[in-house]
Amino acid sequence: MQNREANDVYSTLTEIRTLMNRSSRFLNLSPYAPIAAGLLALAAAWGVNRLFNGGWDIAPMLQLNTHARIHALIGMAAALFLVCVAVTVGLSFAEARRNGSKIAIDTAARRLLWNFFLPLLVGGIFSIALFVNGYYGLTSSIMLLFYGMALVSASGHTVSSVRFLGYAELALGLADSFCQGYALIFWAVGFGLFNVIFGILFLAIRNRS
């Protein structure tokens with residue numbers, strides 16, 4: 001009898017903890033979202049290199065010697081960002097449907113959006129300012145660092161393992177700051193390859209549980 005009562009108490013506490021966790025975290029993040037975003041980033045890196053350099057060498061350096069090229073690069077980066085956001089939202093709706101829940105702009109979602117997009121917005125504006133003023137050397141590392149900070153900041157309001165991707169982006173951004181001339185490679189690895197790897201691991205863990 002006591003064992004049954006103890007099991008009932010444990011079950012009730014577990015249910016309460018699950019409900020509290022769902023109310024404070026956005027848990028409908030699709031593992032396919034980082035995979036799709038990573039593949040889009042890799043495709044964009046290849047396209048940018050073909051457009052500006054006409055090939056792919058060991059250490060591709062973008063030839064940003066005209067204002068037209070700078071504006072084109074900023075425009076392509078903005079377009080890539082919007083496409084990635086749209087894909088992530090669409091896949092999150094699909095994930096919510098799979099889980100039998102609905103996506104609402106509740107407190108958890110607002111906290112996630114604020115903590116993710118604030119560092120990303122600041123980093124994006126700062127990177128644009130560097131481009132406009134002709135400082136290209138550390139732009140890719142700054143973008144990686146702010147992206148990493150955005151992921152770590154948002155991890156407290158969604159799937160906690162996102163923070164590990166953030167740590168990897170921060171480490172890569174710091175490494176990039178010491179390696180001049182390899183910007184496009186670091187950009188492709190950070191925004192492309194790391195996202196794909198994280199998405200695959202996330203998917204494998206979800207399917208195992």
# chains A, B, ... in the order shown; residues from 1 in each chain; ligands from 1

$ residues_around --residues "Leu193 in chain A" --least-positions-apart "5" --cutoff "9 Å" --atoms "only C-alpha atoms" --output "mmCIF file with N, CA and C atoms, in the first residue's frame"
data_model
loop_
_atom_site.group_PDB
_atom_site.id
_atom_site.type_symbol
_atom_site.label_atom_id
_atom_site.label_comp_id
_atom_site.auth_asym_id
_atom_site.auth_seq_id
_atom_site.Cartn_x
_atom_site.Cartn_y
_atom_site.Cartn_z
ATOM 1 N N ILE A 35 19.693 21.087 -39.601
ATOM 2 C CA ILE A 35 20.235 20.390 -40.776
ATOM 3 C C ILE A 35 19.946 21.192 -42.035
ATOM 4 N N GLY A 38 21.980 24.408 -42.047
ATOM 5 C CA GLY A 38 23.376 24.127 -42.347
ATOM 6 C C GLY A 38 23.615 23.854 -43.815
ATOM 7 N N LEU A 39 22.725 23.088 -44.426
ATOM 8 C CA LEU A 39 22.867 22.799 -45.857
ATOM 9 C C LEU A 39 22.698 24.069 -46.691
ATOM 10 N N ALA A 41 23.447 27.083 -45.664
ATOM 11 C CA ALA A 41 24.661 27.875 -45.458
ATOM 12 C C ALA A 41 25.820 27.345 -46.290
ATOM 13 N N LEU A 42 25.948 26.027 -46.381
ATOM 14 C CA LEU A 42 27.010 25.440 -47.201
ATOM 15 C C LEU A 42 26.805 25.783 -48.675
ATOM 16 N N ALA A 188 31.702 28.628 -43.447
ATOM 17 C CA ALA A 188 31.023 27.424 -43.935
ATOM 18 C C ALA A 188 30.980 26.336 -42.866
ATOM 19 N N PHE A 198 25.074 18.939 -35.594
ATOM 20 C CA PHE A 198 24.208 19.053 -34.420
ATOM 21 C C PHE A 198 22.810 18.510 -34.720
#

$ closest_residue --among "A:Gly192, A:Gly47, A:Pro34, A:Gly166" --to "Thr88 in chain A" --atoms "only C-alpha atoms"
A:Pro34

$ closest_atom_pairs --of "range 138-182 of chain A" --to "range 115-133 of chain A" --cutoff "10 Å" --atoms "only C-alpha atoms" --output "JSON lines"
{"residue": "A:Leu138", "atom": "CA", "partner": "A:Leu130", "partner_atom": "CA", "distance": 8.7}
{"residue": "A:Thr139", "atom": "CA", "partner": "A:Ser127", "partner_atom": "CA", "distance": 5.8}
{"residue": "A:Ser140", "atom": "CA", "partner": "A:Ser127", "partner_atom": "CA", "distance": 8.2}
{"residue": "A:Ser141", "atom": "CA", "partner": "A:Ser127", "partner_atom": "CA", "distance": 9.8}
{"residue": "A:Ile142", "atom": "CA", "partner": "A:Gly123", "partner_atom": "CA", "distance": 7.0}
{"residue": "A:Met143", "atom": "CA", "partner": "A:Gly123", "partner_atom": "CA", "distance": 6.1}
{"residue": "A:Leu144", "atom": "CA", "partner": "A:Gly123", "partner_atom": "CA", "distance": 9.0}
{"residue": "A:Leu145", "atom": "CA", "partner": "A:Gly123", "partner_atom": "CA", "distance": 8.3}
{"residue": "A:Phe146", "atom": "CA", "partner": "A:Gly123", "partner_atom": "CA", "distance": 5.4}
{"residue": "A:Tyr147", "atom": "CA", "partner": "A:Leu120", "partner_atom": "CA", "distance": 5.9}
{"residue": "A:Gly148", "atom": "CA", "partner": "A:Leu120", "partner_atom": "CA", "distance": 9.0}
{"residue": "A:Met149", "atom": "CA", "partner": "A:Pro119", "partner_atom": "CA", "distance": 6.6}
{"residue": "A:Ala150", "atom": "CA", "partner": "A:Phe116", "partner_atom": "CA", "distance": 4.6}
{"residue": "A:Leu151", "atom": "CA", "partner": "A:Phe116", "partner_atom": "CA", "distance": 6.3}
{"residue": "A:Val152", "atom": "CA", "partner": "A:Phe116", "partner_atom": "CA", "distance": 8.3}
{"residue": "A:Ser153", "atom": "CA", "partner": "A:Asn115", "partner_atom": "CA", "distance": 5.5}
{"residue": "A:Ala154", "atom": "CA", "partner": "A:Phe116", "partner_atom": "CA", "distance": 5.0}
{"residue": "A:Ser155", "atom": "CA", "partner": "A:Phe116", "partner_atom": "CA", "distance": 8.6}
{"residue": "A:Gly156", "atom": "CA", "partner": "A:Asn115", "partner_atom": "CA", "distance": 8.9}
{"residue": "A:His157", "atom": "CA", "partner": "A:Asn115", "partner_atom": "CA", "distance": 8.3}

$ write_last_selection --atoms "N, CA, C and O atoms" --output "PDB file, in the first residue's frame"
ATOM      1  N   LEU A 138      37.966  40.529 -39.473  1.00  0.00           N
ATOM      2  CA  LEU A 138      37.396  39.792 -38.346  1.00  0.00           C
ATOM      3  C   LEU A 138      35.879  39.632 -38.446  1.00  0.00           C
ATOM      4  O   LEU A 138      35.252  39.191 -37.481  1.00  0.00           O
ATOM      5  N   THR A 139      35.310  39.968 -39.582  1.00  0.00           N
ATOM      6  CA  THR A 139      33.849  39.936 -39.691  1.00  0.00           C
ATOM      7  C   THR A 139      33.286  38.537 -39.490  1.00  0.00           C
ATOM      8  O   THR A 139      32.297  38.346 -38.771  1.00  0.00           O
ATOM      9  N   SER A 140      33.889  37.546 -40.114  1.00  0.00           N
ATOM     10  CA  SER A 140      33.367  36.182 -39.987  1.00  0.00           C
ATOM     11  C   SER A 140      33.472  35.681 -38.557  1.00  0.00           C
ATOM     12  O   SER A 140      32.563  35.010 -38.053  1.00  0.00           O
ATOM     13  N   SER A 141      34.583  36.009 -37.863  1.00  0.00           N
ATOM     14  CA  SER A 141      34.729  35.570 -36.477  1.00  0.00           C
ATOM     15  C   SER A 141      33.712  36.260 -35.580  1.00  0.00           C
ATOM     16  O   SER A 141      33.151  35.636 -34.671  1.00  0.00           O
ATOM     17  N   ILE A 142      33.436  37.535 -35.831  1.00  0.00           N
ATOM     18  CA  ILE A 142      32.429  38.255 -35.044  1.00  0.00           C
ATOM     19  C   ILE A 142      31.049  37.660 -35.259  1.00  0.00           C
ATOM     20  O   ILE A 142      30.270  37.485 -34.305  1.00  0.00           O
ATOM     21  N   MET A 143      30.732  37.307 -36.489  1.00  0.00           N
ATOM     22  CA  MET A 143      29.443  36.685 -36.765  1.00  0.00           C
ATOM     23  C   MET A 143      29.306  35.352 -36.045  1.00  0.00           C
ATOM     24  O   MET A 143      28.254  35.040 -35.465  1.00  0.00           O
ATOM     25  N   LEU A 144      30.368  34.555 -36.048  1.00  0.00           N
ATOM     26  CA  LEU A 144      30.344  33.267 -35.349  1.00  0.00           C
ATOM     27  C   LEU A 144      30.218  33.454 -33.845  1.00  0.00           C
ATOM     28  O   LEU A 144      29.487  32.706 -33.173  1.00  0.00           O
ATOM     29  N   LEU A 145      30.915  34.441 -33.299  1.00  0.00           N
ATOM     30  CA  LEU A 145      30.867  34.681 -31.860  1.00  0.00           C
ATOM     31  C   LEU A 145      29.470  35.112 -31.415  1.00  0.00           C
ATOM     32  O   LEU A 145      28.945  34.606 -30.410  1.00  0.00           O
ATOM     33  N   PHE A 146      28.866  36.026 -32.146  1.00  0.00           N
ATOM     34  CA  PHE A 146      27.525  36.480 -31.771  1.00  0.00           C
ATOM     35  C   PHE A 146      26.490  35.371 -31.987  1.00  0.00           C
ATOM     36  O   PHE A 146      25.525  35.264 -31.217  1.00  0.00           O
ATOM     37  N   TYR A 147      26.685  34.553 -33.009  1.00  0.00           N
ATOM     38  CA  TYR A 147      25.787  33.413 -33.223  1.00  0.00           C
ATOM     39  C   TYR A 147      25.913  32.423 -32.069  1.00  0.00           C
ATOM     40  O   TYR A 147      24.906  31.914 -31.560  1.00  0.00           O
ATOM     41  N   GLY A 148      27.135  32.168 -31.650  1.00  0.00           N
ATOM     42  CA  GLY A 148      27.352  31.288 -30.508  1.00  0.00           C
ATOM     43  C   GLY A 148      26.717  31.834 -29.248  1.00  0.00           C
ATOM     44  O   GLY A 148      26.075  31.098 -28.480  1.00  0.00           O
ATOM     45  N   MET A 149      26.872  33.149 -29.000  1.00  0.00           N
ATOM     46  CA  MET A 149      26.253  33.752 -27.823  1.00  0.00           C
ATOM     47  C   MET A 149      24.735  33.679 -27.889  1.00  0.00           C
ATOM     48  O   MET A 149      24.064  33.469 -26.869  1.00  0.00           O
ATOM     49  N   ALA A 150      24.173  33.843 -29.089  1.00  0.00           N
ATOM     50  CA  ALA A 150      22.725  33.748 -29.252  1.00  0.00           C
ATOM     51  C   ALA A 150      22.231  32.344 -28.920  1.00  0.00           C
ATOM     52  O   ALA A 150      21.200  32.174 -28.258  1.00  0.00           O
ATOM     53  N   LEU A 151      22.957  31.327 -29.358  1.00  0.00           N
ATOM     54  CA  LEU A 151      22.568  29.939 -29.084  1.00  0.00           C
ATOM     55  C   LEU A 151      22.653  29.627 -27.590  1.00  0.00           C
ATOM     56  O   LEU A 151      21.747  28.997 -27.023  1.00  0.00           O
ATOM     57  N   VAL A 152      23.731  30.044 -26.947  1.00  0.00           N
ATOM     58  CA  VAL A 152      23.889  29.792 -25.513  1.00  0.00           C
ATOM     59  C   VAL A 152      22.800  30.529 -24.732  1.00  0.00           C
ATOM     60  O   VAL A 152      22.213  29.979 -23.783  1.00  0.00           O
ATOM     61  N   SER A 153      22.518  31.767 -25.139  1.00  0.00           N
ATOM     62  CA  SER A 153      21.497  32.555 -24.457  1.00  0.00           C
ATOM     63  C   SER A 153      20.112  31.924 -24.605  1.00  0.00           C
ATOM     64  O   SER A 153      19.315  31.914 -23.671  1.00  0.00           O
ATOM     65  N   ALA A 154      19.834  31.380 -25.800  1.00  0.00           N
ATOM     66  CA  ALA A 154      18.512  30.801 -26.058  1.00  0.00           C
ATOM     67  C   ALA A 154      18.357  29.406 -25.494  1.00  0.00           C
ATOM     68  O   ALA A 154      17.226  28.928 -25.331  1.00  0.00           O
ATOM     69  N   SER A 155      19.458  28.728 -25.184  1.00  0.00           N
ATOM     70  CA  SER A 155      19.385  27.327 -24.761  1.00  0.00           C
ATOM     71  C   SER A 155      18.627  27.143 -23.460  1.00  0.00           C
ATOM     72  O   SER A 155      18.096  26.061 -23.198  1.00  0.00           O
ATOM     73  N   GLY A 156      18.556  28.184 -22.646  1.00  0.00           N
ATOM     74  CA  GLY A 156      17.806  28.088 -21.404  1.00  0.00           C
ATOM     75  C   GLY A 156      16.309  28.116 -21.605  1.00  0.00           C
ATOM     76  O   GLY A 156      15.558  27.899 -20.651  1.00  0.00           O
ATOM     77  N   HIS A 157      15.869  28.378 -22.832  1.00  0.00           N
ATOM     78  CA  HIS A 157      14.436  28.494 -23.104  1.00  0.00           C
ATOM     79  C   HIS A 157      13.971  27.516 -24.178  1.00  0.00           C
ATOM     80  O   HIS A 157      12.859  27.646 -24.685  1.00  0.00           O
TER      81      HIS A 157
END

$ atom_distance --atom1 "CA of Ala44 in chain A" --atom2 "CA of Arg163 in chain A"
24.6 Å

$ closest_residue --among "A:Leu174, A:Phe191, A:Gln180, A:Glu95" --to "Pro31 in chain A" --atoms "only C-alpha atoms"
A:Glu95

$ atom_distance --atom1 "CA of Val48 in chain A" --atom2 "CA of Leu82 in chain A"
16.9 Å

$ closest_residue --among "A:Phe52, A:Tyr32, A:Trp46, A:Tyr135" --to "Val189 in chain A" --atoms "only C-alpha atoms"
A:Trp46

$ select_by_dssp --residues "range 50-195 of chain A" --states "alpha helix (DSSP H)" --output "PyMOL selection string"
chain A and resi 50-52+67-99+107-132+139-154+162-177+183-187+194-195

$ write_last_selection --atoms "C-alpha atoms" --output "short mmCIF file (atom, residue, chain, number, x, y, z; two decimals), in the first residue's frame"
data_model
loop_
_atom_site.label_atom_id
_atom_site.label_comp_id
_atom_site.auth_asym_id
_atom_site.auth_seq_id
_atom_site.Cartn_x
_atom_site.Cartn_y
_atom_site.Cartn_z
CA ARG A 50 31.92 30.94 -57.14
CA LEU A 51 30.47 34.42 -57.62
CA PHE A 52 33.35 36.41 -56.14
CA HIS A 67 30.73 48.76 -53.11
CA ALA A 68 28.53 46.69 -55.42
CA ARG A 69 30.12 43.47 -54.17
CA ILE A 70 29.78 44.55 -50.55
CA HIS A 71 26.10 45.38 -51.01
CA ALA A 72 25.54 42.13 -52.89
CA LEU A 73 27.15 40.12 -50.10
CA ILE A 74 25.09 41.86 -47.42
CA GLY A 75 21.93 41.28 -49.47
CA MET A 76 22.70 37.58 -49.92
CA ALA A 77 23.45 37.17 -46.21
CA ALA A 78 20.14 38.82 -45.32
CA ALA A 79 18.26 36.64 -47.80
CA LEU A 80 19.92 33.50 -46.39
CA PHE A 81 18.96 34.53 -42.87
CA LEU A 82 15.31 35.09 -43.81
CA VAL A 83 15.12 31.77 -45.65
CA CYS A 84 16.64 29.93 -42.67
CA VAL A 85 14.16 31.58 -40.29
CA ALA A 86 11.24 30.65 -42.57
CA VAL A 87 12.44 27.05 -42.84
CA THR A 88 12.92 26.80 -39.06
CA VAL A 89 9.43 28.15 -38.38
CA GLY A 90 7.87 25.80 -40.91
CA LEU A 91 9.67 22.76 -39.52
CA SER A 92 8.78 23.79 -35.96
CA PHE A 93 5.09 23.85 -36.92
CA ALA A 94 5.52 20.37 -38.40
CA GLU A 95 7.25 19.20 -35.19
CA ALA A 96 4.43 20.62 -33.07
CA ARG A 97 1.89 18.80 -35.23
CA ARG A 98 3.86 15.59 -34.77
CA ASN A 99 3.83 16.07 -31.01
CA THR A 107 5.90 33.44 -22.57
CA ALA A 108 8.31 30.62 -23.39
CA ALA A 109 8.32 31.48 -27.11
CA ARG A 110 8.81 35.19 -26.43
CA ARG A 111 11.73 34.50 -24.11
CA LEU A 112 13.32 32.23 -26.69
CA LEU A 113 12.92 34.79 -29.47
CA TRP A 114 14.28 37.63 -27.33
CA ASN A 115 17.31 35.72 -26.04
CA PHE A 116 18.18 34.39 -29.49
CA PHE A 117 17.55 37.37 -31.73
CA LEU A 118 18.98 40.14 -29.52
CA PRO A 119 22.63 38.95 -29.74
CA LEU A 120 22.07 37.98 -33.37
CA LEU A 121 20.67 41.41 -34.25
CA VAL A 122 23.49 43.25 -32.48
CA GLY A 123 26.10 41.06 -34.16
CA GLY A 124 24.47 41.50 -37.56
CA ILE A 125 24.37 45.29 -37.33
CA PHE A 126 27.96 45.38 -36.07
CA SER A 127 29.08 43.15 -38.95
CA ILE A 128 27.33 45.37 -41.49
CA ALA A 129 29.06 48.41 -40.00
CA LEU A 130 32.41 46.68 -40.38
CA PHE A 131 31.66 45.82 -44.00
CA VAL A 132 30.55 49.35 -44.84
CA THR A 139 33.85 39.94 -39.69
CA SER A 140 33.37 36.18 -39.99
CA SER A 141 34.73 35.57 -36.48
CA ILE A 142 32.43 38.25 -35.04
CA MET A 143 29.44 36.69 -36.77
CA LEU A 144 30.34 33.27 -35.35
CA LEU A 145 30.87 34.68 -31.86
CA PHE A 146 27.52 36.48 -31.77
CA TYR A 147 25.79 33.41 -33.22
CA GLY A 148 27.35 31.29 -30.51
CA MET A 149 26.25 33.75 -27.82
CA ALA A 150 22.73 33.75 -29.25
CA LEU A 151 22.57 29.94 -29.08
CA VAL A 152 23.89 29.79 -25.51
CA SER A 153 21.50 32.55 -24.46
CA ALA A 154 18.51 30.80 -26.06
CA VAL A 162 21.58 23.78 -28.10
CA ARG A 163 24.17 25.28 -25.77
CA PHE A 164 26.77 22.77 -26.94
CA LEU A 165 26.36 24.03 -30.50
CA GLY A 166 26.78 27.54 -29.07
CA TYR A 167 30.01 26.58 -27.30
CA ALA A 168 31.34 25.08 -30.54
CA GLU A 169 30.51 28.27 -32.46
CA LEU A 170 32.24 30.41 -29.82
CA ALA A 171 35.38 28.27 -29.97
CA LEU A 172 35.39 28.38 -33.75
CA GLY A 173 34.87 32.15 -33.77
CA LEU A 174 37.85 32.65 -31.47
CA ALA A 175 39.99 30.37 -33.63
CA ASP A 176 38.89 32.30 -36.73
CA SER A 177 40.01 35.57 -35.15
CA ALA A 183 37.06 33.49 -43.36
CA LEU A 184 34.86 31.65 -45.85
CA ILE A 185 36.05 28.25 -44.64
CA PHE A 186 35.31 29.11 -41.00
CA TRP A 187 31.96 30.59 -42.03
CA PHE A 194 28.33 22.42 -37.30
CA ASN A 195 24.60 22.93 -37.75
#

$ closest_residue --among "A:Ser160, A:Gly134, A:Ser30, A:Phe178" --to "Ile200 in chain A" --atoms "only C-alpha atoms"
A:Ser30
